[in-house]
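Peer 1: I am attaching a structure below and will ask some questions about it afterwards.
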Amino acid sequence: MIKALIFDFDGLILDTETPELLVWQKVYREHGQELTARMWGQIVGGTAASSFEPASHLAALTGNHLDTEALKARVREESLAQIHRQPPLPGVRELIDGARQHGLKLAVASSSPHDWVDGHLTRLGLLSSFDVIKAREDVPRTKPEPDLFLAALSGLDVHSDQAVVLEDSPNGVRAAKRAGLFVVAVPNPVTESLPFEGEDLRLSSLIETSLPELMRRADSSRG
């Protein structure tokens, strides 16, 4: 029986990924280069899968001695201004409210740091909705390794067959499957073109299904 939902944060609760990619693409074009969604997708959802770092990559492409720290600071400032104007993604609040009404436990498992995740959840009025929040500082390895999800399960005191994970990225899906979880892929505009593999269910948006149907699908997958 399903007892808990585990949410990714970036790109699933809040679309932080599209603004950051768009700003980096603008910076690349200013230097005569292109940053594709596929290249960016190496680190979406978890940096443990790749050593790709956009500022260093751009410096290597141009052969220039770029001030990579200044570039990263500029991207943070410009993308954060856009992110702060964004509401939660469609269906997030409704799913959280429905889960509470059904007595489910809720967690966030994110490869981002606590100050980022907790800060945005506070701004959105969602922090108190979650029983457990696990972030980068809480585990030795981020996604696509399973550590964050295993930590969330432990914090929630539920088994892997009692929880459903909601993820927007291939790295997140891989991490959830490595933790033995039923995982729902909900790609966003940045991740929809990336190669997903192994998800149990794929949705275009969280409003595409109901919580009872989601729980039924997860329960039936356990045989």
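Identifiers in the structure tokens: chain A, B, ... in order shown; residue index from 1 per chain; ligand index from 1 in order shown.
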If you count only C-alpha atoms, which residues fall within 7 Å of A:Val164, apart from same-chain ones fewer than 2 positions away, as a ChimeraX atom specification?

Peer 2: /A:4-6,166,181-183

Peer 1: Emit the selected residues as a PDB file, in the first residue's frame, including N, CA and C atoms.

Peer 2:
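Just written: result-v8.pdb:
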```
ATOM      1  N   ALA A   4       3.463   7.104   0.907  1.00  0.00           N
ATOM      2  CA  ALA A   4       4.237   8.352   0.794  1.00  0.00           C
ATOM      3  C   ALA A   4       4.486   8.738  -0.656  1.00  0.00           C
ATOM      4  N   LEU A   5       4.618  10.037  -0.870  1.00  0.00           N
ATOM      5  CA  LEU A   5       5.082  10.590  -2.147  1.00  0.00           C
ATOM      6  C   LEU A   5       6.399  11.298  -1.902  1.00  0.00           C
ATOM      7  N   ILE A   6       7.338  11.107  -2.827  1.00  0.00           N
ATOM      8  CA  ILE A   6       8.637  11.779  -2.748  1.00  0.00           C
ATOM      9  C   ILE A   6       8.796  12.635  -4.002  1.00  0.00           C
ATOM     10  N   LEU A 166       8.241  11.278  -7.826  1.00  0.00           N
ATOM     11  CA  LEU A 166       7.885  12.143  -8.953  1.00  0.00           C
ATOM     12  C   LEU A 166       9.145  12.870  -9.389  1.00  0.00           C
ATOM     13  N   LEU A 181      12.235   2.101  -6.290  1.00  0.00           N
ATOM     14  CA  LEU A 181      10.984   2.834  -6.155  1.00  0.00           C
ATOM     15  C   LEU A 181      10.168   2.864  -7.440  1.00  0.00           C
ATOM     16  N   PHE A 182       8.857   3.004  -7.296  1.00  0.00           N
ATOM     17  CA  PHE A 182       7.969   3.290  -8.422  1.00  0.00           C
ATOM     18  C   PHE A 182       8.168   4.761  -8.766  1.00  0.00           C
ATOM     19  N   VAL A 183       8.519   5.049 -10.022  1.00  0.00           N
ATOM     20  CA  VAL A 183       8.858   6.432 -10.369  1.00  0.00           C
ATOM     21  C   VAL A 183       8.014   6.924 -11.540  1.00  0.00           C
TER      22      VAL A 183
END
```

Peer 1: Skipping near chain neighbours, those fewer than 4 positions away, what residues fall within 10 Å of A:Pro212 using only C-alpha atoms, listed as a PyMOL selection string?

Peer 2: chain A and resi 98-99+102+216-218

Peer 1: Those residues with C-alpha atoms, as an mmCIF file, in the first residue's frame please?

Peer 2:
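Heads up, here's the output in selection.cif:
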```cif
data_model
loop_
_atom_site.group_PDB
_atom_site.id
_atom_site.type_symbol
_atom_site.label_atom_id
_atom_site.label_comp_id
_atom_site.auth_asym_id
_atom_site.auth_seq_id
_atom_site.Cartn_x
_atom_site.Cartn_y
_atom_site.Cartn_z
ATOM 1 C CA GLY A 98 -4.739 15.514 -2.046
ATOM 2 C CA ALA A 99 -1.898 13.534 -0.481
ATOM 3 C CA HIS A 102 -5.352 10.752 2.015
ATOM 4 C CA ARG A 216 -3.682 2.419 -8.012
ATOM 5 C CA ARG A 217 -1.019 2.213 -10.732
ATOM 6 C CA ALA A 218 1.776 2.047 -8.180
#
```

Peer 1: For the alpha helix (DSSP H) assignment from backbone DSSP, which residues of stretch 2-111 of chain A qualify? Please present them as a VMD selection string.

Peer 2: chain A and resid 17 to 30 37 to 40 54 to 62 68 to 83 92 to 101

Peer 1: As a PyMOL selection string, please: the residues near A:Glu30 (cut-off 12 Å, only C-alpha atoms, same-chain neighbours under 6 positions excluded).

Peer 2: chain A and resi 23-24+58+62+71

Peer 1: From the options A:Glu20, A:Lys26, A:Ala37, A:Arg141, which residue's atoms come nearest to A:Val190, counting only C-alpha atoms?

Peer 2: A:Ala37

Peer 1: Counting only C-alpha atoms, which residues of stretch 10-115 of chain A fall within 6 Å of stretch 132-137 of chain A, and what is the closest atom pair for each with its distance in Å at one decimal, ordered by chain and rising number, as JSON lines?

Peer 2:
```
{"residue": "A:Ala107", "atom": "CA", "partner": "A:Val132", "partner_atom": "CA", "distance": 4.6}
{"residue": "A:Val108", "atom": "CA", "partner": "A:Ile133", "partner_atom": "CA", "distance": 4.7}
{"residue": "A:Ala109", "atom": "CA", "partner": "A:Lys134", "partner_atom": "CA", "distance": 4.9}
{"residue": "A:Ser110", "atom": "CA", "partner": "A:Ala135", "partner_atom": "CA", "distance": 4.9}
{"residue": "A:Ser111", "atom": "CA", "partner": "A:Arg136", "partner_atom": "CA", "distance": 4.9}
{"residue": "A:Ser112", "atom": "CA", "partner": "A:Arg136", "partner_atom": "CA", "distance": 5.4}
{"residue": "A:Pro113", "atom": "CA", "partner": "A:Arg136", "partner_atom": "CA", "distance": 4.9}
{"residue": "A:His114", "atom": "CA", "partner": "A:Ala135", "partner_atom": "CA", "distance": 5.5}
```

Peer 1: Kindly save the residues from that selection, with C-alpha atoms included, as a PDB file, in the first residue's frame.

Peer 2:
```
ATOM      1  CA  ALA A 107       9.171  14.271   1.184  1.00  0.00           C
ATOM      2  CA  VAL A 108      11.449  16.241  -1.099  1.00  0.00           C
ATOM      3  CA  ALA A 109      14.647  14.618  -2.366  1.00  0.00           C
ATOM      4  CA  SER A 110      16.824  17.117  -4.250  1.00  0.00           C
ATOM      5  CA  SER A 111      20.409  17.291  -5.477  1.00  0.00           C
ATOM      6  CA  SER A 112      20.349  21.027  -4.762  1.00  0.00           C
ATOM      7  CA  PRO A 113      21.475  22.456  -1.390  1.00  0.00           C
ATOM      8  CA  HIS A 114      19.111  23.070   1.509  1.00  0.00           C
TER       9      HIS A 114
END
```

Peer 1: Contacts of A:Asp97 at 12 Å or less, counting only C-alpha atoms, minus same-chain residues fewer than 5 places along, as an MDAnalysis selection string?

Peer 2: chainID A and resid 5 91:92 102:106 126 128:130 210:211

Peer 1: Looking at only C-alpha atoms, which of A:Leu148, A:Ile13, A:Ala60, A:Leu66 is the one that sits closest to A:Ile83?

Peer 2: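 Closest to A:Ile83, using only C-alpha atoms: A:Ile13.
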